[in-house]
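Data file: work01.cif. Format and content: mmCIF, C-alpha atoms.
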data_input
loop_
_atom_site.label_atom_id
_atom_site.label_comp_id
_atom_site.auth_asym_id
_atom_site.auth_seq_id
_atom_site.Cartn_x
_atom_site.Cartn_y
_atom_site.Cartn_z
CA MET P 48 220.30 16.08 61.31
CA PHE P 49 222.08 15.65 57.98
CA SER P 50 219.50 12.96 57.18
CA GLN P 51 216.69 15.53 57.33
CA TYR P 52 218.46 17.94 54.99
CA PHE P 53 219.80 15.42 52.49
CA GLY P 54 216.60 13.35 52.63
CA ASN P 55 214.50 16.41 51.87
CA TYR P 56 216.82 17.28 48.98
CA LEU P 57 216.40 13.81 47.44
CA LEU P 58 212.65 14.12 47.92
CA ASN P 59 212.48 17.47 46.14
CA LYS P 60 214.43 16.03 43.22
CA ASN P 61 211.96 13.11 43.02
CA LEU P 62 214.78 10.64 43.48
CA ILE P 63 212.93 9.02 46.34
CA THR P 64 209.29 9.09 47.44
CA THR P 65 207.99 10.35 50.80
CA LYS P 66 207.25 6.76 51.73
CA GLU P 67 210.78 5.67 50.88
CA LEU P 68 212.27 8.53 52.91
CA LYS P 69 210.10 7.71 55.92
CA ASP P 70 210.99 4.09 55.50
CA ALA P 71 214.72 4.91 55.40
CA LEU P 72 214.50 7.30 58.36
CA GLU P 73 212.63 4.69 60.36
CA TYR P 74 215.18 2.04 59.44
CA GLN P 75 217.94 4.50 60.25
CA LYS P 76 216.62 4.75 63.81
CA SER P 77 217.23 1.06 64.26
CA ILE P 78 220.84 1.41 63.17
CA HIS P 79 221.46 4.74 64.92
CA VAL P 80 224.03 4.26 67.57
CA LYS P 81 223.41 6.58 70.49
CA LEU P 82 226.15 7.72 72.81
CA GLY P 83 224.48 5.90 75.69
CA VAL P 84 224.43 2.61 73.82
CA LEU P 85 228.06 3.07 72.80
CA ALA P 86 228.96 3.83 76.42
CA ILE P 87 227.30 0.59 77.53
CA ASN P 88 229.01 -1.41 74.79
CA LEU P 89 232.38 -0.05 75.75
CA GLY P 90 231.67 -0.75 79.42
CA TYR P 91 231.97 2.89 80.45
CA MET P 92 228.52 3.27 81.96
CA ASN P 93 225.62 1.14 83.15
CA SER P 94 221.97 1.53 82.14
CA ALA P 95 220.92 3.29 85.37
CA GLN P 96 223.61 5.91 84.82
CA ILE P 97 222.46 6.39 81.21
CA GLN P 98 218.87 6.85 82.40
CA GLU P 99 219.97 9.45 84.93
CA VAL P 100 221.84 11.40 82.27
CA HIS P 101 218.80 11.29 79.94
CA GLN P 102 216.58 12.56 82.76
CA GLN P 103 218.97 15.44 83.43
CA GLN P 104 218.97 16.25 79.71
CA MET P 105 215.23 16.89 79.85
CA LYS P 106 215.83 19.70 82.31
CA ILE P 107 219.13 21.28 81.48
CA ASP P 108 220.45 22.22 78.11
CA LYS P 109 223.61 20.18 78.15
CA ARG P 110 224.91 17.40 75.99
CA PHE P 111 224.95 13.77 77.09
CA GLY P 112 228.75 13.80 77.43
CA GLU P 113 228.86 17.01 79.47
CA ILE P 114 226.35 15.69 81.99
CA ALA P 115 227.99 12.27 82.18
CA ILE P 116 231.34 13.92 82.97
CA GLN P 117 229.72 16.24 85.50
CA LEU P 118 228.18 13.24 87.28
CA GLY P 119 231.53 11.45 87.22
CA TYR P 120 230.32 8.64 84.96
CA LEU P 121 232.76 9.38 82.13
CA ASN P 122 236.18 10.97 81.89
CA GLU P 123 237.27 13.24 79.06
CA HIS P 124 239.26 10.50 77.32
CA GLN P 125 236.32 8.10 77.35
CA LEU P 126 234.03 10.81 75.94
CA GLN P 127 236.42 11.52 73.08
CA ASN P 128 236.47 7.79 72.29
CA LEU P 129 232.69 7.68 72.21
CA LEU P 130 232.41 10.74 69.99
CA ALA P 131 234.98 9.42 67.55
CA THR P 132 233.05 6.16 67.28
CA GLN P 133 229.76 7.96 66.82
CA LYS P 134 231.03 10.49 64.26
CA GLN P 135 230.12 8.21 61.39
CA GLY P 136 226.45 8.81 62.29
CA TYR P 137 225.76 10.94 59.24
CA LEU P 138 226.37 7.92 57.06
CA GLN P 139 223.31 6.20 58.45
CA LEU P 140 220.72 7.65 56.06
CA SER P 141 223.01 6.77 53.18
CA GLN P 142 223.37 3.27 54.57
CA ALA P 143 219.62 2.97 55.08
CA LEU P 144 218.86 4.15 51.51
CA ILE P 145 221.28 1.62 50.08
CA ASP P 146 220.19 -1.22 52.37
CA LYS P 147 216.60 -0.54 51.38
CA LYS P 148 217.63 -0.34 47.70
CA HIS P 149 216.11 3.13 47.24
CA LEU P 150 219.39 4.38 45.75
CA THR P 151 222.52 2.76 44.35
CA LEU P 152 225.91 3.59 45.75
CA GLU P 153 226.80 5.48 42.57
CA GLN P 154 223.59 7.55 42.71
CA LEU P 155 224.29 8.34 46.32
CA GLN P 156 227.81 9.58 45.62
CA ASN P 157 226.56 11.79 42.78
CA GLU P 158 223.68 13.18 44.78
CA LEU P 159 225.86 14.06 47.76
CA GLN P 160 228.02 16.13 45.42
CA ASN P 161 224.93 17.66 43.75
CA TYR P 162 223.48 18.52 47.15
CA LYS P 163 226.63 20.39 48.10
CA ASN P 164 226.67 22.27 44.78
CA ASP P 165 222.94 23.00 44.56
CA CYS P 166 222.78 24.31 48.11
CA GLN P 167 225.95 26.30 47.49
CA LEU P 168 227.54 24.84 50.56
CA THR P 169 231.23 25.03 51.23
CA THR P 170 232.97 21.85 52.33
CA GLU P 171 233.08 23.32 55.83
CA GLN P 172 229.33 24.05 55.83
CA LEU P 173 228.52 20.56 54.56
CA GLU P 174 230.68 19.19 57.37
CA ILE P 175 228.66 21.20 59.92
CA ILE P 176 225.42 19.65 58.67
CA LYS P 177 226.97 16.19 58.57
CA GLN P 178 228.18 16.51 62.15
CA GLY P 179 224.71 17.68 63.22
CA ASP P 180 226.03 20.36 65.58
CA ILE P 181 222.78 22.20 66.25
CA ASP P 182 224.37 25.45 67.47
CA LYS P 183 226.45 25.70 64.30
CA ILE P 184 223.55 24.72 62.05
CA VAL P 185 221.50 27.58 63.49
CA GLN P 186 224.31 30.02 62.73
CA LEU P 187 224.58 28.57 59.22
CA PHE P 188 220.90 29.06 58.38
CA LEU P 189 219.89 32.10 60.36
CA ASP P 190 221.05 35.65 60.20
CA PHE P 191 219.60 37.85 62.91
CA GLU P 192 220.33 41.39 61.94
CA ASP P 193 219.61 42.72 65.41
CA SER P 194 223.13 42.60 66.79
CA ILE P 195 222.16 43.11 70.47
CA SER P 196 219.98 40.02 70.57
CA HIS P 197 221.92 38.06 67.94
CA LYS P 198 223.54 35.55 70.31
CA ILE P 199 220.39 35.18 72.43
CA TYR P 200 218.19 34.54 69.38
CA ASN P 201 220.66 31.95 68.08
CA ASP P 202 220.67 30.19 71.45
CA TYR P 203 216.88 30.36 71.60
CA VAL P 204 216.39 28.68 68.21
CA ALA P 205 219.08 26.06 68.88
CA LEU P 206 217.33 25.19 72.14
CA MET P 207 213.98 24.85 70.33
CA LEU P 208 215.53 22.31 67.94
CA LYS P 209 216.96 20.38 70.89
CA ASN P 210 213.61 20.50 72.69
CA ALA P 211 211.79 19.25 69.59
CA ILE P 212 214.07 16.22 69.84
CA ARG P 213 213.76 15.83 73.63
CA LEU P 214 210.12 16.70 74.22
CA LEU P 215 208.44 15.77 70.92
CA ASP P 216 210.72 12.91 69.89
CA GLU P 217 211.06 14.55 66.49
CA THR P 218 214.00 15.10 64.17
CA PRO P 219 213.59 18.76 63.21
CA ARG P 220 215.00 20.55 60.17
CA LEU P 221 215.57 24.26 60.17
CA GLU P 222 215.17 26.50 57.13
CA LYS P 223 216.10 30.10 56.56
CA THR P 224 213.98 32.80 58.23
CA SER P 225 211.42 34.67 56.26
CA SER P 226 209.87 38.05 56.95
CA PRO P 227 206.84 38.30 54.67
CA ASP P 228 204.93 41.58 54.48
CA ASP P 229 201.70 39.83 55.19
CA TYR P 230 201.62 36.93 57.64
CA THR P 231 198.59 35.36 59.24
CA ALA P 232 198.92 32.44 61.64
CA GLU P 233 195.99 30.05 61.63
CA LEU P 234 196.71 29.13 65.26
CA LEU P 235 199.15 31.00 67.44
CA VAL P 236 200.43 30.39 70.97
CA CYS P 237 202.50 33.30 72.34
CA GLN P 238 204.51 33.86 75.47
CA LYS P 239 206.32 37.00 76.49
CA ILE P 240 209.75 36.85 78.13
CA HIS P 241 210.83 39.99 79.94
CA GLY P 242 213.57 41.33 82.17
CA GLU P 243 216.97 42.33 80.89
CA TYR P 244 215.61 41.56 77.41
CA ASN P 245 212.07 41.63 76.07
CA ILE P 246 211.45 38.70 73.77
CA TYR P 247 208.06 37.85 72.36
CA THR P 248 207.95 34.17 71.43
CA ALA P 249 205.32 32.19 69.57
CA ILE P 250 204.53 28.96 67.80
CA ALA P 251 202.37 29.36 64.69
CA THR P 252 200.84 26.36 62.99
CA ASP P 253 197.98 25.02 60.95
CA LYS P 254 195.47 22.70 62.64
CA LYS P 255 197.23 19.47 61.64
CA THR P 256 200.59 20.53 63.05
CA PHE P 257 198.95 21.92 66.17
CA LEU P 258 197.40 18.52 66.85
CA THR P 259 200.70 16.76 66.10
CA ILE P 260 202.63 18.91 68.59
CA ALA P 261 199.88 18.64 71.22
CA SER P 262 199.66 14.86 70.86
CA LYS P 263 203.41 14.29 70.90
CA PHE P 264 204.00 16.53 73.90
CA ALA P 265 201.12 15.14 75.97
CA GLY P 266 201.76 11.56 74.92
CA GLU P 267 198.17 10.97 73.85
CA GLN P 268 196.32 11.19 70.56
CA PHE P 269 194.26 14.36 70.07
CA THR P 270 191.92 14.82 67.12
CA VAL P 271 190.22 18.17 67.78
CA ILE P 272 191.45 21.61 68.72
CA ASP P 273 190.09 22.22 72.21
CA GLU P 274 191.15 23.53 75.60
CA MET P 275 193.32 20.48 76.25
CA THR P 276 195.24 20.66 72.95
CA ILE P 277 195.78 24.41 73.42
CA ALA P 278 197.05 23.67 76.94
CA SER P 279 199.42 21.06 75.54
CA VAL P 280 201.01 23.26 72.85
CA ALA P 281 201.16 26.15 75.33
CA GLU P 282 202.87 23.91 77.88
CA PHE P 283 205.41 22.78 75.25
CA LEU P 284 206.30 26.44 74.61
CA ASN P 285 206.24 27.12 78.36
CA VAL P 286 208.64 24.26 79.18
CA HIS P 287 210.91 25.30 76.30
CA ASN P 288 210.93 28.92 77.47
CA GLY P 289 211.51 27.75 81.04
CA VAL P 290 214.67 25.86 80.06
CA PHE P 291 215.76 28.95 78.11
CA LEU P 292 215.27 31.08 81.24
CA VAL P 293 217.32 28.63 83.30
CA ASN P 294 220.11 28.75 80.68
CA MET P 295 220.05 32.55 80.80
CA SER P 296 219.94 32.53 84.60
CA ASN P 297 223.08 30.37 84.59
CA GLN P 298 224.72 33.16 82.56
CA ASN P 299 223.55 35.68 85.21
CA ILE P 300 220.81 37.05 82.95
CA GLU P 301 217.60 36.98 84.95
CA LEU P 302 214.42 36.83 82.88
CA GLN P 303 210.79 36.11 83.70
CA MET P 304 207.93 34.98 81.56
CA GLU P 305 204.23 35.69 81.41
CA PRO P 306 201.31 33.30 80.95
CA HIS P 307 200.68 32.21 77.37
CA LYS P 308 198.08 33.67 75.04
CA PHE P 309 196.25 31.85 72.27
CA TYR P 310 194.94 33.35 69.03
CA GLN P 311 193.25 32.15 65.86
CA GLN P 312 193.80 33.78 62.47
CA ALA P 313 196.37 36.08 64.04
CA LYS P 314 197.87 38.71 61.78
CA ILE P 315 201.53 39.41 62.50
CA GLU P 316 202.63 42.88 61.56
CA LYS P 317 206.03 43.43 60.07
CA LYS P 318 207.57 46.15 62.18
CA GLU P 319 211.12 45.58 63.40
CA GLY P 320 211.15 41.87 62.77
CA PRO P 321 209.58 39.58 63.69
CA TYR P 322 211.73 36.62 62.72
CA ILE P 323 209.61 33.80 61.37
CA ILE P 324 211.62 30.60 61.42
CA PRO P 325 210.19 27.53 59.70
CA ILE P 326 210.93 24.30 61.55
CA TYR P 327 210.08 21.09 59.72
CA LEU P 328 209.08 17.96 61.60
CA MET P 329 208.60 14.55 60.00
CA ASP P 330 205.12 15.19 58.59
CA CYS P 331 204.51 18.86 59.19
CA LYS P 332 205.97 22.31 59.75
CA PHE P 333 205.58 25.00 62.38
CA ASP P 334 206.86 28.54 62.49
CA LEU P 335 208.83 29.64 65.50
CA ILE P 336 208.37 33.39 65.85
CA ILE P 337 210.65 35.63 67.87
CA SER P 338 210.33 39.35 68.04
CA ASN P 339 211.27 42.35 70.11
CA THR P 340 207.81 43.84 69.56
CA GLU P 341 204.49 42.51 70.77
CA LEU P 342 202.82 39.58 68.98
CA PRO P 343 200.38 39.49 67.25
CA MET Y 112 198.39 9.67 108.24
CA SER Y 113 197.65 7.35 105.33
CA VAL Y 114 197.83 8.58 101.74
CA LYS Y 115 194.12 7.87 101.43
CA GLN Y 116 193.34 10.64 103.91
CA PHE Y 117 195.54 13.17 102.11
CA LYS Y 118 194.07 16.22 100.44
CA VAL Y 119 196.16 17.59 97.59
CA LEU Y 120 195.61 20.86 95.75
CA LEU Y 121 196.92 21.30 92.20
CA CYS Y 122 197.30 24.94 91.20
CA ASP Y 123 198.42 25.39 87.61
CA ASP Y 124 196.86 27.30 84.71
CA SER Y 125 197.56 24.36 82.39
CA MET Y 126 194.72 21.89 82.17
CA LEU Y 127 197.20 19.33 80.81
CA VAL Y 128 199.53 19.69 83.79
CA ARG Y 129 196.64 19.33 86.25
CA LYS Y 130 195.38 16.23 84.42
CA GLN Y 131 198.81 14.57 84.34
CA LEU Y 132 199.57 15.37 87.99
CA LYS Y 133 196.12 14.21 89.08
CA GLU Y 134 196.67 10.84 87.40
CA ILE Y 135 199.95 10.29 89.25
CA ILE Y 136 198.52 11.39 92.59
CA THR Y 137 195.30 9.40 92.41
CA ASP Y 138 197.24 6.33 91.25
CA ALA Y 139 199.31 6.76 94.44
CA GLY Y 140 196.11 6.39 96.47
CA VAL Y 141 195.14 10.01 97.20
CA GLU Y 142 191.36 10.30 96.97
CA ILE Y 143 190.81 14.04 97.35
CA VAL Y 144 192.54 16.08 94.66
CA LEU Y 145 191.42 19.70 94.35
CA GLU Y 146 192.16 21.90 91.35
CA ALA Y 147 192.67 25.61 90.75
CA SER Y 148 193.95 27.42 87.69
CA ASN Y 149 195.48 30.39 89.55
CA GLY Y 150 196.23 31.65 93.05
CA LYS Y 151 192.97 33.53 93.42
CA GLU Y 152 191.01 30.33 92.87
CA ALA Y 153 193.36 28.37 95.14
CA LEU Y 154 193.15 30.52 98.29
CA PRO Y 155 189.48 29.84 99.18
CA LEU Y 156 190.06 26.12 98.54
CA ILE Y 157 193.02 26.16 100.93
CA LYS Y 158 190.98 27.95 103.62
CA LYS Y 159 188.07 25.53 103.21
CA HIS Y 160 189.88 22.20 102.81
CA ASN Y 161 193.28 22.79 104.46
CA PRO Y 162 195.16 20.39 102.10
CA GLN Y 163 198.35 18.63 103.22
CA ILE Y 164 200.16 19.40 99.95
CA ILE Y 165 199.85 22.06 97.26
CA PHE Y 166 201.61 21.69 93.94
CA LEU Y 167 201.91 25.31 92.87
CA ASP Y 168 202.95 26.66 89.46
CA ILE Y 169 204.72 30.03 89.32
CA VAL Y 170 203.76 31.58 85.98
CA MET Y 171 199.97 31.90 86.06
CA PRO Y 172 197.46 34.59 85.14
CA VAL Y 173 195.43 36.55 87.74
CA MET Y 174 197.62 35.62 90.72
CA ASP Y 175 201.02 34.03 90.15
CA GLY Y 176 202.67 31.35 92.28
CA ILE Y 177 205.01 33.60 94.28
CA GLU Y 178 202.19 35.97 95.28
CA THR Y 179 200.03 32.96 96.15
CA LEU Y 180 202.84 31.49 98.27
CA LYS Y 181 203.05 34.78 100.25
CA GLU Y 182 199.28 34.69 100.84
CA ILE Y 183 199.44 31.05 101.95
CA LYS Y 184 202.19 31.99 104.45
CA LYS Y 185 199.83 34.52 106.03
CA LEU Y 186 197.31 31.75 106.68
CA HIS Y 187 199.75 29.98 109.07
CA THR Y 188 198.65 26.55 107.86
CA GLN Y 189 200.67 23.32 108.06
CA THR Y 190 200.25 22.92 104.28
CA LYS Y 191 203.43 22.03 102.42
CA VAL Y 192 203.81 24.01 99.23
CA VAL Y 193 205.75 22.40 96.40
CA MET Y 194 206.60 24.80 93.59
CA ILE Y 195 206.35 23.03 90.23
CA THR Y 196 207.43 25.23 87.40
CA SER Y 197 209.21 25.34 84.07
CA SER Y 198 211.16 28.44 85.06
CA GLY Y 199 213.55 27.15 87.69
CA THR Y 200 215.75 30.24 87.65
CA GLN Y 201 217.99 31.22 90.56
CA THR Y 202 215.71 34.14 91.40
CA TYR Y 203 212.51 32.09 91.50
CA LEU Y 204 214.21 29.31 93.46
CA LYS Y 205 215.63 31.75 96.03
CA THR Y 206 212.36 33.65 96.43
CA ALA Y 207 210.28 30.50 96.72
CA LEU Y 208 212.51 29.01 99.40
CA GLU Y 209 212.65 32.32 101.30
CA GLU Y 210 208.87 32.45 101.24
CA GLY Y 211 208.67 29.00 102.80
CA ALA Y 212 208.23 26.61 99.87
CA TYR Y 213 208.78 23.00 100.95
CA ASP Y 214 210.32 21.87 97.66
CA PHE Y 215 210.93 23.05 94.11
CA ILE Y 216 210.43 20.85 91.04
CA GLN Y 217 211.34 21.91 87.55
CA LYS Y 218 209.14 20.82 84.64
CA PRO Y 219 209.14 18.40 82.96
CA TRP Y 220 208.89 16.46 86.18
CA LYS Y 221 209.64 12.82 86.78
CA GLU Y 222 206.81 10.75 88.27
CA THR Y 223 209.11 9.55 91.04
CA GLN Y 224 209.72 13.16 92.15
CA ILE Y 225 206.00 13.63 92.77
CA LEU Y 226 205.64 10.26 94.47
CA SER Y 227 208.64 10.81 96.71
CA ILE Y 228 207.13 14.04 98.04
CA ILE Y 229 203.88 12.27 98.92
CA ASP Y 230 205.89 9.48 100.48
CA ARG Y 231 208.00 11.90 102.55
CA LEU Y 232 204.96 13.71 103.88
CA LYS Y 233 203.16 10.48 104.69
CA ASN Y 234 205.88 9.56 107.21
#

As structure tokens, the full file:
Amino acid sequence: MFSQYFGNYLLNKNLITTKELKDALEYQKSIHVKLGVLAINLGYMNSAQIQEVHQQQMKIDKRFGEIAIQLGYLNEHQLQNLLATQKQGYLQLSQALIDKKHLTLEQLQNELQNYKNDCQLTTEQLEIIKQGDIDKIVQLFLDFEDSISHKIYNDYVALMLKNAIRLLDETPRLEKTSSPDDYTAELLVCQKIHGEYNIYTAIATDKKTFLTIASKFAGEQFTVIDEMTIASVAEFLNVHNGVFLVNMSNQNIELQMEPHKFYQQAKIEKKEGPYIIPIYLMDCKFDLIISNTELP
Amino acid sequence: MSVKQFKVLLCDDSMLVRKQLKEIITDAGVEIVLEASNGKEALPLIKKHNPQIIFLDIVMPVMDGIETLKEIKKLHTQTKVVMITSSGTQTYLKTALEEGAYDFIQKPWKETQILSIIDRLKN
């Protein structure tokens, strides 16, 4: 996740072009060492076991290591070994930029320091981004004033980032929430969650992002906004909310959800909230909206 | 009974889900796949065609999956109802099984889960 933040910073400073960043991120994928691959290399697990853990990850919000331990494929000591080996992961964008000759080593060192200073990050905060701990990154960027729902909202956003990785095969980047006085969503898919808490959830996008999400989730290329693309984005939100409900249910908080609703040119009123959270994907951005009052 | 003779009903408000499930089921050899986007649409199809399997979503407009399951129970059919939903909470799972659901699959499903149900019911 550090790659998305630092890469975007270099892009904004015109130190690299969009093409160079994409190139580096693509190259980075080829040198990214996943926990599963490390586990195979170290002889801890076989490929069938890795597949099973990945399949479980699609359904329950747990990390690879947690599931592998639960299934008896790894012990705690082996997991610690894997994590220690993988910890250098944040270096991969840097390595990719240097390998591809987009930056020199000296430039890279300077820009890492500039990034920390410009973003006014403490060493501890920079470390959080480098480690890519999604739960901590959410806490770093978001500040939900509503104290009752604070923890739940944090969990909800963290899960959305994880689901963007799992279900859309994207590497999302979170930015600070905004609460503009006047907000109109070009396309809006909403779903209400109710029970012990009432949470109104929505994905707001422009047409391009809507098609990107629909295509990635369905695994086929869509070019027009129609019933099928709406169904696809709605199902992405539905599956995400479903996993959230299961997580809550496991904490003995029983929630239900209602069927989705779709709107065009939807005006969101600023009452108490809502929280509008920009989430950046590789080529586009969507707003995740959560509110305790009805949307739109 | 061979898979070819099976009648399967897909009841889900998502056109995408119905399309994806239909592809898996027809590839498995089932020729008659019926579709409904909520429980109210599904009930007359069940009465008319008496399908062997229903894949039934829970969160749907008009008539949700749990209410539909209760109505299906009243029909005293041999139809096996497989709940297929994103919200696999303890409450939904418990209610569905109490109301006689044959199986419960949480979305996103794995193709083999769908195929194994057809395979089980074939034998």

(message) Need the shell around segment 261-278 of chain P: protein/DNA/RNA residues with any atom at most 9 Å away, counting all atoms listed in the file. Skip same-chain ones fewer than 3 positions apart. Format as a list in words?
(response) Leu214, Leu215, Asp216, Glu217, Val236, Lys254, Lys255, Thr256, Phe257, Leu258, Ala281, Glu282, Phe283 and Phe309 of chain P; Asp124, Ser125, Met126, Leu127, Val128 and Gln131 of chain Y

Chain P residues near chain Y within 9 Å, closest pair each, using all atoms listed in the file, as JSON lines:
{"residue": "P:Gln102", "atom": "CA", "partner": "Y:Lys221", "partner_atom": "CA", "distance": 8.0}
{"residue": "P:Met105", "atom": "CA", "partner": "Y:Pro219", "partner_atom": "CA", "distance": 7.0}
{"residue": "P:Lys106", "atom": "CA", "partner": "Y:Pro219", "partner_atom": "CA", "distance": 6.8}
{"residue": "P:Leu214", "atom": "CA", "partner": "Y:Pro219", "partner_atom": "CA", "distance": 9.0}
{"residue": "P:Ala265", "atom": "CA", "partner": "Y:Leu127", "partner_atom": "CA", "distance": 7.5}
{"residue": "P:Glu274", "atom": "CA", "partner": "Y:Met126", "partner_atom": "CA", "distance": 7.7}
{"residue": "P:Met275", "atom": "CA", "partner": "Y:Leu127", "partner_atom": "CA", "distance": 6.1}
{"residue": "P:Thr276", "atom": "CA", "partner": "Y:Leu127", "partner_atom": "CA", "distance": 8.2}
{"residue": "P:Ala278", "atom": "CA", "partner": "Y:Ser125", "partner_atom": "CA", "distance": 5.5}
{"residue": "P:Ser279", "atom": "CA", "partner": "Y:Leu127", "partner_atom": "CA", "distance": 6.0}
{"residue": "P:Ala281", "atom": "CA", "partner": "Y:Ser125", "partner_atom": "CA", "distance": 8.1}
{"residue": "P:Glu282", "atom": "CA", "partner": "Y:Ser125", "partner_atom": "CA", "distance": 7.0}
{"residue": "P:Asn285", "atom": "CA", "partner": "Y:Ser197", "partner_atom": "CA", "distance": 6.7}
{"residue": "P:Val286", "atom": "CA", "partner": "Y:Ser197", "partner_atom": "CA", "distance": 5.0}
{"residue": "P:His287", "atom": "CA", "partner": "Y:Ser197", "partner_atom": "CA", "distance": 8.0}
{"residue": "P:Asn288", "atom": "CA", "partner": "Y:Ser198", "partner_atom": "CA", "distance": 7.6}
{"residue": "P:Gly289", "atom": "CA", "partner": "Y:Ser198", "partner_atom": "CA", "distance": 4.1}
{"residue": "P:Val290", "atom": "CA", "partner": "Y:Ser198", "partner_atom": "CA", "distance": 6.6}
{"residue": "P:Phe291", "atom": "CA", "partner": "Y:Ser198", "partner_atom": "CA", "distance": 8.4}
{"residue": "P:Leu292", "atom": "CA", "partner": "Y:Ser198", "partner_atom": "CA", "distance": 6.2}
{"residue": "P:Val293", "atom": "CA", "partner": "Y:Thr200", "partner_atom": "CA", "distance": 4.9}
{"residue": "P:Asn294", "atom": "CA", "partner": "Y:Thr200", "partner_atom": "CA", "distance": 8.4}
{"residue": "P:Met295", "atom": "CA", "partner": "Y:Thr200", "partner_atom": "CA", "distance": 8.4}
{"residue": "P:Ser296", "atom": "CA", "partner": "Y:Thr200", "partner_atom": "CA", "distance": 5.7}
{"residue": "P:Asn297", "atom": "CA", "partner": "Y:Gln201", "partner_atom": "CA", "distance": 7.9}
{"residue": "P:Asn299", "atom": "CA", "partner": "Y:Gln201", "partner_atom": "CA", "distance": 8.9}
{"residue": "P:Glu301", "atom": "CA", "partner": "Y:Thr202", "partner_atom": "CA", "distance": 7.3}
{"residue": "P:Leu302", "atom": "CA", "partner": "Y:Thr200", "partner_atom": "CA", "distance": 8.2}
{"residue": "P:Gln303", "atom": "CA", "partner": "Y:Ser198", "partner_atom": "CA", "distance": 7.8}
{"residue": "P:Met304", "atom": "CA", "partner": "Y:Val170", "partner_atom": "CA", "distance": 7.0}
{"residue": "P:Glu305", "atom": "CA", "partner": "Y:Val170", "partner_atom": "CA", "distance": 6.2}
{"residue": "P:Pro306", "atom": "CA", "partner": "Y:Met171", "partner_atom": "CA", "distance": 5.5}
{"residue": "P:His307", "atom": "CA", "partner": "Y:Met171", "partner_atom": "CA", "distance": 8.7}

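Using only C-alpha atoms, the smallest distance between any of Y:Val119, Y:Ile177, Y:Ile228, Y:Ala212 and Glu146 of chain Y comes from Y:Val119.
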
(request) List the residues matched by the PyMOL selection byres ((chain P and resi 116-118) around 12) in the displayed structure as an MDAnalysis selection string, ordered by chain and then by residue number. (result) chainID P and resid 91:92 96:97 99:100 103 109:115 119:127

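One finds atom CA of Arg129 of chain Y at 19.8 Å from atom CA of Ile183 of chain Y.
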
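A straight line drawn from atom CA of Tyr56 of chain P to atom CA of Tyr327 of chain P is 13.2 Å long.
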
(request) Return the single residue from P:Ala249, P:Ile212, P:Ile63, P:Leu155 that is closest to Gln104 of chain P, with distances computed using only C-alpha atoms. (result) P:Ile212

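Here the question is which of P:Ile199, P:Leu159, P:Cys331, P:Met48 gets nearest to Gln298 of chain P using all atoms listed in the file, and that residue is P:Ile199.
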
(request) I need the residue set behind the PyMOL selection byres ((chain Y and resi 191) around 8) for this file; please write it as JSON, numbers by chain. (result) {"Y": [163, 164, 165, 189, 190, 192, 193, 212, 213]}

Hits of the PyMOL selection byres ((chain Y and resi 145) around 9) in this structure, as a PDB file with C-alpha atoms, in the frame of the given file:
ATOM      1  CA  LYS Y 118     194.070  16.220 100.440  1.00  0.00           C
ATOM      2  CA  VAL Y 119     196.160  17.590  97.590  1.00  0.00           C
ATOM      3  CA  LEU Y 120     195.610  20.860  95.750  1.00  0.00           C
ATOM      4  CA  LEU Y 121     196.920  21.300  92.200  1.00  0.00           C
ATOM      5  CA  CYS Y 122     197.300  24.940  91.200  1.00  0.00           C
ATOM      6  CA  LYS Y 133     196.120  14.210  89.080  1.00  0.00           C
ATOM      7  CA  ILE Y 143     190.810  14.040  97.350  1.00  0.00           C
ATOM      8  CA  VAL Y 144     192.540  16.080  94.660  1.00  0.00           C
ATOM      9  CA  GLU Y 146     192.160  21.900  91.350  1.00  0.00           C
ATOM     10  CA  ALA Y 147     192.670  25.610  90.750  1.00  0.00           C
ATOM     11  CA  ALA Y 153     193.360  28.370  95.140  1.00  0.00           C
ATOM     12  CA  LEU Y 156     190.060  26.120  98.540  1.00  0.00           C
ATOM     13  CA  HIS Y 160     189.880  22.200 102.810  1.00  0.00           C
ATOM     14  CA  PRO Y 162     195.160  20.390 102.100  1.00  0.00           C
TER      15      PRO Y 162
END

(message) For a test of reading the model, state the distance in Å between atom CA of Leu208 of chain P and atom CA of Ala143 of chain P, rounded to one decimal.
(response) 23.6 Å
